[in-house]
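A.B. asks: Input structure: final39.csv, which contains CSV, C-alpha atoms.
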chain,number,residue,atom,x,y,z
A,405,MET,CA,84.8,99.1,121.1
A,406,PHE,CA,81.9,100.9,119.4
A,407,ARG,CA,79.8,102.1,122.3
A,408,THR,CA,76.7,101.8,120.2
A,409,SER,CA,73.0,101.3,120.8
A,410,SER,CA,71.5,97.9,120.2
A,411,ARG,CA,70.4,99.1,116.8
A,412,ILE,CA,74.0,99.2,115.4
A,413,LEU,CA,75.4,96.0,116.8
A,414,GLY,CA,72.3,94.2,117.9
A,415,GLY,CA,72.4,91.4,115.5
A,416,ILE,CA,72.1,93.0,112.1
A,417,THR,CA,71.9,89.8,110.1
A,418,GLN,CA,69.0,90.4,107.9
A,419,PRO,CA,69.1,92.8,104.9
A,420,THR,CA,67.9,96.2,105.9
A,421,GLN,CA,66.8,99.1,103.8
A,422,TYR,CA,70.5,102.0,101.3
A,423,ILE,CA,70.9,105.0,99.3
A,424,ARG,CA,73.9,104.5,97.0
A,425,SER,CA,74.9,108.1,97.1
A,426,LEU,CA,74.8,108.6,100.8
A,427,ALA,CA,76.9,111.7,101.1
A,428,PRO,CA,79.2,113.8,99.0
A,429,THR,CA,82.9,112.9,98.9
A,430,ALA,CA,84.7,114.4,101.8
A,431,ARG,CA,87.6,116.5,100.6
A,432,THR,CA,88.3,118.7,103.6
A,433,ASN,CA,91.9,119.2,104.6
A,434,ALA,CA,93.0,120.5,108.0
A,435,ALA,CA,96.3,121.8,109.3
A,436,VAL,CA,96.9,119.0,111.8
A,437,LEU,CA,99.3,116.1,112.2
A,438,VAL,CA,98.4,112.7,110.9
A,439,GLY,CA,97.6,107.6,112.9
A,440,PRO,CA,94.4,104.8,116.9
A,441,PHE,CA,90.4,104.6,118.4
A,442,ASN,CA,86.2,103.2,120.7
A,443,LEU,CA,83.7,103.1,117.8
A,444,ALA,CA,80.5,104.5,119.2
A,445,PRO,CA,77.9,106.8,117.8
A,446,ARG,CA,78.3,109.9,120.0
A,447,MET,CA,78.6,113.3,118.3
A,448,ILE,CA,81.2,115.8,119.3
A,449,PRO,CA,79.3,119.0,119.7
A,450,GLN,CA,80.7,121.9,117.6
A,451,PRO,CA,82.3,123.3,119.7
A,452,ALA,CA,82.2,121.1,122.7
A,453,CYS,CA,84.1,121.5,126.0
A,454,TYR,CA,86.2,118.5,127.2
A,455,SER,CA,88.8,117.9,129.8
A,456,SER,CA,92.3,118.0,128.5
A,457,VAL,CA,94.9,115.2,128.8
A,458,PRO,CA,95.8,114.1,132.4
A,459,HIS,CA,98.7,116.5,133.0
A,460,GLN,CA,96.5,119.5,132.1
A,461,LEU,CA,93.2,118.5,133.8
A,462,SER,CA,92.5,122.1,134.7
A,463,GLN,CA,92.6,123.2,131.1
A,464,GLN,CA,89.4,123.0,129.0
A,465,VAL,CA,89.6,122.8,125.3
A,466,SER,CA,87.2,123.2,122.5
A,467,LEU,CA,87.0,120.1,120.2
A,468,ARG,CA,85.7,120.9,116.7
A,469,ASP,CA,84.7,118.8,113.8
A,470,ILE,CA,87.6,119.3,111.4
A,471,GLY,CA,86.4,117.0,108.6
A,472,VAL,CA,88.8,114.5,107.0
A,473,MET,CA,92.4,115.2,107.8
A,474,ASP,CA,93.9,113.4,104.8
A,475,PRO,CA,91.5,112.3,102.0
A,476,TYR,CA,94.2,110.4,100.1
A,477,VAL,CA,93.3,106.8,99.2
A,478,ILE,CA,95.5,104.5,97.1
A,479,PRO,CA,93.8,104.0,93.6
A,480,GLU,CA,92.2,100.6,92.8
A,481,LYS,CA,94.6,98.3,91.0
A,482,LYS,CA,92.9,98.8,87.6
A,483,ASP,CA,93.4,102.6,88.0
A,484,ARG,CA,97.1,102.6,89.0
A,485,PRO,CA,99.6,104.0,86.6
A,486,SER,CA,102.1,101.7,84.8
A,487,LEU,CA,105.8,102.1,85.3
A,488,LEU,CA,106.4,101.3,81.6
A,489,ASN,CA,103.7,103.4,80.1
A,490,ASN,CA,103.6,106.4,82.3
A,491,TYR,CA,106.8,106.8,84.3
A,492,LYS,CA,106.1,110.3,85.8
A,493,SER,CA,102.6,109.3,87.0
A,494,TRP,CA,104.0,106.1,88.4
A,495,ILE,CA,106.7,108.0,90.4
A,496,LYS,CA,104.1,110.3,91.8
A,497,TYR,CA,101.9,107.3,92.7
A,498,ALA,CA,104.8,105.4,94.3
A,499,LYS,CA,105.7,108.4,96.5
A,500,LEU,CA,102.2,109.0,97.6
A,501,ARG,CA,101.7,105.3,98.4
A,502,MET,CA,105.0,105.2,100.4
A,503,ARG,CA,103.9,108.3,102.3
A,504,ASN,CA,100.5,106.7,103.1
A,505,THR,CA,102.1,103.4,104.2
A,506,GLY,CA,104.5,105.2,106.5
A,507,MET,CA,101.9,107.5,108.1
A,508,THR,CA,99.5,104.7,108.5
A,509,ALA,CA,102.1,102.5,110.2
A,510,ALA,CA,103.2,105.3,112.5
A,511,SER,CA,99.7,106.3,113.4
A,512,THR,CA,98.7,102.6,114.1
A,513,LEU,CA,101.7,102.1,116.4
A,514,GLY,CA,100.9,105.4,118.2
A,515,MET,CA,97.3,104.4,118.7
A,516,CYS,CA,98.0,100.9,119.9
A,517,TRP,CA,100.7,102.1,122.3
A,518,ARG,CA,98.6,104.9,123.7
A,519,LEU,CA,95.6,102.6,124.3
A,520,LYS,CA,97.8,99.7,125.3
A,521,ASP,CA,95.8,97.6,122.9
A,522,PHE,CA,97.4,96.0,119.9
A,523,GLY,CA,94.3,94.1,118.7
A,524,ILE,CA,92.1,97.1,118.3
A,525,THR,CA,92.3,97.3,114.5
A,526,ALA,CA,91.1,93.8,114.0
A,527,ARG,CA,88.1,94.3,116.3
A,528,PHE,CA,87.3,97.7,114.7
A,529,LEU,CA,87.0,96.2,111.2
A,530,GLY,CA,84.2,93.8,112.2
A,531,GLU,CA,82.3,96.5,114.0
A,532,SER,CA,82.8,99.1,111.4
A,533,GLU,CA,80.7,97.1,108.9
A,534,ASP,CA,77.8,97.0,111.4
A,535,ALA,CA,78.1,100.8,111.9
A,536,TYR,CA,78.1,101.3,108.1
A,537,ILE,CA,75.0,99.2,107.7
A,538,ALA,CA,73.2,101.1,110.6
A,539,MET,CA,74.1,104.5,109.1
A,540,ASN,CA,72.7,103.6,105.7
A,541,ASP,CA,69.6,102.1,107.2
A,542,ALA,CA,69.0,105.2,109.4
A,543,PHE,CA,69.5,107.4,106.3
A,544,ALA,CA,67.0,105.5,104.3
A,545,LYS,CA,64.4,105.7,107.1
A,546,GLY,CA,65.1,109.4,107.7
A,547,ASP,CA,66.1,108.8,111.3
A,548,ARG,CA,67.8,112.1,112.0
A,549,LYS,CA,68.3,111.5,115.8
A,550,PHE,CA,70.2,108.3,115.2
A,551,LEU,CA,72.4,109.8,112.5
A,552,GLU,CA,73.2,112.8,114.7
A,553,GLU,CA,74.5,110.4,117.3
A,554,MET,CA,76.7,108.4,115.1
A,555,CYS,CA,78.1,111.0,112.7
A,556,THR,CA,80.1,114.2,113.1
A,557,SER,CA,78.2,117.5,112.8
A,558,SER,CA,79.5,118.1,109.2
A,559,MET,CA,78.5,114.6,108.1
A,560,PHE,CA,75.1,114.9,109.7
A,561,ALA,CA,74.5,118.3,108.0
A,562,LYS,CA,75.2,116.7,104.6
A,563,LEU,CA,72.9,113.8,105.2
A,564,LYS,CA,70.1,116.0,106.6
A,565,GLY,CA,70.2,118.2,103.5
A,566,GLN,CA,70.0,115.1,101.3
A,567,MET,CA,67.0,113.7,103.2
A,568,LYS,CA,65.3,117.1,102.9
A,569,ASP,CA,65.5,117.0,99.1
A,570,ARG,CA,64.3,113.4,98.6
A,571,PRO,CA,61.4,113.0,96.2
A,572,GLY,CA,59.7,110.2,98.1
A,573,ARG,CA,60.1,107.3,100.6
A,574,PHE,CA,63.4,105.4,100.3
A,575,GLU,CA,64.1,101.8,101.1
A,576,TRP,CA,67.5,100.2,101.2
A,577,ARG,CA,68.7,96.7,101.6
A,578,TYR,CA,72.2,95.3,102.3
A,579,HIS,CA,72.9,92.0,100.6
A,580,GLY,CA,76.4,91.3,102.0
A,581,ILE,CA,80.0,91.9,101.4
A,582,VAL,CA,82.0,91.2,98.2
A,583,GLU,CA,85.3,91.6,100.0
A,584,LYS,CA,86.0,91.9,103.7
A,585,PRO,CA,86.3,95.5,105.0
A,586,LYS,CA,89.9,96.7,104.9
A,587,ILE,CA,91.7,99.6,106.6
A,588,VAL,CA,93.5,101.7,103.9
A,589,SER,CA,94.5,104.7,106.0
A,590,ILE,CA,95.0,105.8,109.6
A,591,ARG,CA,95.9,109.3,110.6
A,592,GLN,CA,96.6,110.9,113.9
A,593,GLY,CA,96.3,114.6,114.8
A,594,GLN,CA,96.8,116.8,117.9
A,595,ILE,CA,93.7,119.0,118.3
A,596,GLY,CA,93.5,121.3,121.3
A,597,GLY,CA,95.6,119.0,123.5
A,598,HIS,CA,93.7,115.9,122.5
A,599,VAL,CA,94.8,113.1,120.1
A,600,LEU,CA,92.4,112.6,117.2
A,601,ILE,CA,92.5,109.3,115.2
A,602,GLN,CA,90.8,108.9,111.8
A,603,ILE,CA,90.5,105.6,110.1
A,604,THR,CA,89.5,105.1,106.4
A,605,VAL,CA,87.9,101.7,105.7
A,606,ARG,CA,87.3,100.2,102.3
A,607,MET,CA,83.7,98.8,102.1
A,608,ASN,CA,82.9,96.6,99.1
A,609,SER,CA,79.4,95.2,99.2
A,610,THR,CA,76.2,94.5,97.3
A,611,GLN,CA,73.1,96.7,98.0
A,612,SER,CA,69.8,97.6,96.5
A,613,MET,CA,67.5,100.6,96.8
A,614,ALA,CA,64.1,101.9,95.7
A,615,VAL,CA,62.1,105.1,95.9
A,616,PHE,CA,58.4,105.2,96.4
A,617,ASP,CA,55.9,108.0,96.0
A,618,LYS,CA,53.1,109.0,98.3
A,619,LYS,CA,50.9,106.3,96.9
A,620,ASN,CA,53.6,103.7,97.6
A,621,LYS,CA,54.3,103.3,93.9
A,622,PRO,CA,58.0,102.7,92.9
A,623,ILE,CA,59.4,105.7,91.0
A,624,ALA,CA,63.1,104.7,91.0
A,625,GLY,CA,65.4,101.7,91.8
A,626,ASP,CA,64.5,98.1,92.4
A,627,LEU,CA,64.9,96.3,95.8
A,628,LYS,CA,65.2,93.0,94.0
A,629,LYS,CA,68.3,94.1,91.9
A,630,SER,CA,71.4,94.2,94.0
A,631,VAL,CA,74.4,96.2,92.7
A,632,PRO,CA,78.1,96.3,93.8
A,633,VAL,CA,78.9,99.4,95.8
A,634,LEU,CA,82.5,100.3,96.7
A,635,GLU,CA,82.9,103.1,99.2
A,636,TYR,CA,85.6,104.4,101.5
A,637,ILE,CA,84.2,105.4,104.9
A,638,VAL,CA,86.2,107.6,107.4
A,639,PHE,CA,85.7,107.1,111.1
A,640,GLN,CA,87.2,109.2,113.9
A,641,LYS,CA,87.6,109.3,117.7
A,642,TYR,CA,89.4,111.5,120.2
A,643,ILE,CA,91.3,108.7,121.9
A,644,THR,CA,92.5,110.8,124.8
A,645,ASP,CA,88.9,111.7,125.8
A,646,PRO,CA,87.4,108.8,127.7
A,647,SER,CA,83.9,110.0,127.0
A,648,ASP,CA,84.3,110.2,123.2
A,649,SER,CA,83.3,107.4,120.8
A,650,TRP,CA,83.8,106.5,117.2
A,651,LYS,CA,81.8,108.5,114.7
A,652,ILE,CA,81.5,108.6,110.9
A,653,VAL,CA,83.2,111.6,109.4
A,654,GLY,CA,82.4,111.2,105.8
A,655,LYS,CA,83.5,109.4,102.6
A,656,VAL,CA,86.5,109.8,100.3
A,657,SER,CA,87.3,108.6,96.8
A,658,PRO,CA,90.5,106.9,95.5
A,659,SER,CA,93.1,109.5,94.3
A,660,SER,CA,94.1,109.5,90.7
Step by step, read the file and then write its structure as structure tokens.

C.D. replies:
Amino acid sequence: MFRTSSRILGGITQPTQYIRSLAPTARTNAAVLVGPFNLAPRMIPQPACYSSVPHQLSQQVSLRDIGVMDPYVIPEKKDRPSLLNNYKSWIKYAKLRMRNTGMTAASTLGMCWRLKDFGITARFLGESEDAYIAMNDAFAKGDRKFLEEMCTSSMFAKLKGQMKDRPGRFEWRYHGIVEKPKIVSIRQGQIGGHVLIQITVRMNSTQSMAVFDKKNKPIAGDLKKSVPVLEYIVFQKYITDPSDSWKIVGKVSPSS
């Protein structure tokens, strides 16, 4: 599903090196529709020229990095409003949750039907964790080439800027999951004649990081102290373009 290099899926079983604050929360909205996807780290050039859908093979379209189509994420249970204590906030939350559930269901069905694959989401979840680990490992090591391949152009630009401002050498380790990755949102959009799918995955894991100066002395963090990290990672793919692959778009935060 993810057409990745061996670095991503090639047996990542040992803790590797993470930066907790990998990238700013993605809050970009786009005027597109919103629901499926082949996870692989290939970047969509901005702009890039692709063949259109089969009935318009002669047409060439420009696919752009549009950012996150819909940044809404259902709040964690502890942050959800109470029906008894805050009726208005609960009504707003209930409407947004119902909207998210309906759009995710419609987009999932559309993706599975178009790809003729109704087991895609289950396989994607397992591979998305490996891609998440690989991205953080590459970021800690400053591997720009690898990040450019597996992230969209806007996400790569954010990570590149953060790497440039680092005070020293970073090391990151992944200590395992607290909860299994979970899909919380799927959106589908029509962009230039192609169907774009974005999937938001809830990642709850334990990680550790440390920063070292030029003399290899620790100046921040502790690799021996793991901490829980909860993040929502957005992946995307133009599913009507056979040459495209899954990429990481950014991160979003639960809505209040």

A.B. asks: In Å to one decimal, how far is atom CA of A:Ile581 from atom CA of A:Asn540?

C.D. replies: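 Between atom CA of A:Asn540 and atom CA of A:Ile581 the gap works out to 14.4 Å.
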
A.B. asks: Tell me, as a PyMOL selection string, which residues lie within 7 Å of stretch 492-508 of chain A, counting all atoms listed in the file; anything in the same chain fewer than 4 positions away does not count.

C.D. replies: chain A and resi 438-439+478+485-487+512+589-591

A.B. asks: To one decimal place, how far is atom CA of A:His579 from atom CA of A:Ala624 in Å?

C.D. replies: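 Between these atoms lies a distance of 18.7 Å.
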
A.B. asks: By how many Å are atom CA of A:Phe560 and atom CA of A:Thr644 apart?

C.D. replies: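 Atom-to-atom, atom CA of A:Phe560 and atom CA of A:Thr644 are spaced 23.4 Å apart.
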
A.B. asks: May I ask which of the residues A:Gly530, A:Pro475, A:Gly593, A:Pro585 is the closest one to A:Met515, counting only C-alpha atoms?

C.D. replies: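 Closest residue, counting only C-alpha atoms: A:Gly593.
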
A.B. asks: I'd like to know which of A:Gly471, A:Leu563, A:Phe550, A:Ile623 is closest to A:Gln640, using only C-alpha atoms.

C.D. replies: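 Ranked by minimum distance to A:Gln640, first place goes to A:Gly471.
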
A.B. asks: Got a sec: who's within 6 Å of A:Val638, counting only C-alpha atoms, leaving out chain neighbours fewer than 2 positions off, as a PyMOL selection string?

C.D. replies: chain A and resi 603-604+652-655

A.B. asks: Step by step: start from the point (84.8, 98.7, 96.3) in the file's coordinates, keep every protein, DNA or RNA residue that has an atom no farther than 6 Å from it, count all atoms listed in the file, and write the set as a list in words.

C.D. replies: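 Protein, DNA and RNA residues close to (84.8, 98.7, 96.3): Met607, Asn608, Val633, Leu634 and Glu635 of chain A.
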
A.B. asks: Each residue of stretch 539-605 of chain A with at least one atom at most 9 Å from stretch 648-651 of chain A should appear once, together with its nearest atom pair and the corresponding distance in Å (one decimal); atoms considered: only C-alpha atoms; ordering: chain, then increasing residue number; output as JSON lines.

C.D. replies:
{"residue": "A:Glu553", "atom": "CA", "partner": "A:Lys651", "partner_atom": "CA", "distance": 8.0}
{"residue": "A:Met554", "atom": "CA", "partner": "A:Lys651", "partner_atom": "CA", "distance": 5.1}
{"residue": "A:Cys555", "atom": "CA", "partner": "A:Lys651", "partner_atom": "CA", "distance": 4.9}
{"residue": "A:Thr556", "atom": "CA", "partner": "A:Lys651", "partner_atom": "CA", "distance": 6.2}

A.B. asks: Ranking A:Asp469, A:Asp483, A:Glu531, A:Glu575 by minimum distance to A:Lys641 and counting all atoms listed in the file, which one comes first?

C.D. replies: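 Between A:Asp469, A:Asp483, A:Glu531, A:Glu575, the residue approaching A:Lys641 most closely is A:Asp469.
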
A.B. asks: Given the choices A:Gly523, A:Met567, A:Val605, A:Arg518, which gets closest to A:Ala542 if the distance is worked out from only C-alpha atoms?

C.D. replies: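 Residue with the minimum atom-to-atom distance to A:Ala542: A:Met567.
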
A.B. asks: Which residue is closest to A:Lys629? Choose from A:Ala535, A:Ala614, A:Ile643, A:Val656 and count all atoms listed in the file.

C.D. replies: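 Looking only at the distances to A:Lys629, the closest residue turns out to be A:Ala614.
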
A.B. asks: Mind filling out stretch 573-593 of chain A with N, CA and C atoms and sending it as a JSON list (two decimals), in the frame of the given file?

C.D. replies:
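Saved the output as rebuild38.json:
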[["chain", "number", "residue", "atom", "x", "y", "z"],
["A", 573, "ARG", "N", 59.66, 108.25, 99.52],
["A", 573, "ARG", "CA", 60.10, 107.30, 100.60],
["A", 573, "ARG", "C", 61.20, 106.40, 100.02],
["A", 574, "PHE", "N", 62.28, 106.29, 100.76],
["A", 574, "PHE", "CA", 63.40, 105.40, 100.30],
["A", 574, "PHE", "C", 63.38, 104.12, 101.10],
["A", 575, "GLU", "N", 63.80, 103.08, 100.41],
["A", 575, "GLU", "CA", 64.10, 101.80, 101.10],
["A", 575, "GLU", "C", 65.41, 101.29, 100.57],
["A", 576, "TRP", "N", 66.12, 100.65, 101.49],
["A", 576, "TRP", "CA", 67.50, 100.20, 101.20],
["A", 576, "TRP", "C", 67.70, 98.82, 101.79],
["A", 577, "ARG", "N", 68.43, 97.99, 101.08],
["A", 577, "ARG", "CA", 68.70, 96.70, 101.60],
["A", 577, "ARG", "C", 70.23, 96.35, 101.38],
["A", 578, "TYR", "N", 70.77, 95.69, 102.36],
["A", 578, "TYR", "CA", 72.20, 95.30, 102.30],
["A", 578, "TYR", "C", 72.21, 93.78, 102.06],
["A", 579, "HIS", "N", 72.92, 93.39, 101.00],
["A", 579, "HIS", "CA", 72.90, 92.00, 100.60],
["A", 579, "HIS", "C", 74.22, 91.25, 100.94],
["A", 580, "GLY", "N", 75.14, 91.92, 101.59],
["A", 580, "GLY", "CA", 76.40, 91.30, 102.00],
["A", 580, "GLY", "C", 77.62, 91.85, 101.41],
["A", 581, "ILE", "N", 78.76, 91.36, 101.88],
["A", 581, "ILE", "CA", 80.00, 91.90, 101.40],
["A", 581, "ILE", "C", 80.56, 91.13, 100.21],
["A", 582, "VAL", "N", 81.26, 91.85, 99.35],
["A", 582, "VAL", "CA", 82.00, 91.20, 98.20],
["A", 582, "VAL", "C", 83.39, 90.91, 98.67],
["A", 583, "GLU", "N", 83.97, 91.83, 99.44],
["A", 583, "GLU", "CA", 85.30, 91.60, 100.00],
["A", 583, "GLU", "C", 85.21, 92.09, 101.49],
["A", 584, "LYS", "N", 86.02, 91.51, 102.33],
["A", 584, "LYS", "CA", 86.00, 91.90, 103.70],
["A", 584, "LYS", "C", 86.47, 93.38, 103.86],
["A", 585, "PRO", "N", 85.90, 94.12, 104.81],
["A", 585, "PRO", "CA", 86.30, 95.50, 105.00],
["A", 585, "PRO", "C", 87.84, 95.56, 105.26],
["A", 586, "LYS", "N", 88.47, 96.61, 104.76],
["A", 586, "LYS", "CA", 89.90, 96.70, 104.90],
["A", 586, "LYS", "C", 90.30, 98.16, 105.24],
["A", 587, "ILE", "N", 91.19, 98.29, 106.23],
["A", 587, "ILE", "CA", 91.70, 99.60, 106.60],
["A", 587, "ILE", "C", 92.73, 100.03, 105.56],
["A", 588, "VAL", "N", 92.52, 101.18, 104.94],
["A", 588, "VAL", "CA", 93.50, 101.70, 103.90],
["A", 588, "VAL", "C", 94.26, 102.88, 104.38],
["A", 589, "SER", "N", 93.84, 103.47, 105.50],
["A", 589, "SER", "CA", 94.50, 104.70, 106.00],
["A", 589, "SER", "C", 94.21, 104.92, 107.43],
["A", 590, "ILE", "N", 95.21, 105.30, 108.21],
["A", 590, "ILE", "CA", 95.00, 105.80, 109.60],
["A", 590, "ILE", "C", 95.83, 107.03, 109.78],
["A", 591, "ARG", "N", 95.20, 108.04, 110.33],
["A", 591, "ARG", "CA", 95.90, 109.30, 110.60],
["A", 591, "ARG", "C", 95.66, 109.74, 112.02],
["A", 592, "GLN", "N", 96.66, 110.46, 112.54],
["A", 592, "GLN", "CA", 96.60, 110.90, 113.90],
["A", 592, "GLN", "C", 96.88, 112.43, 113.95],
["A", 593, "GLY", "N", 96.11, 113.15, 114.74],
["A", 593, "GLY", "CA", 96.30, 114.60, 114.80],
["A", 593, "GLY", "C", 96.19, 115.08, 116.26]]
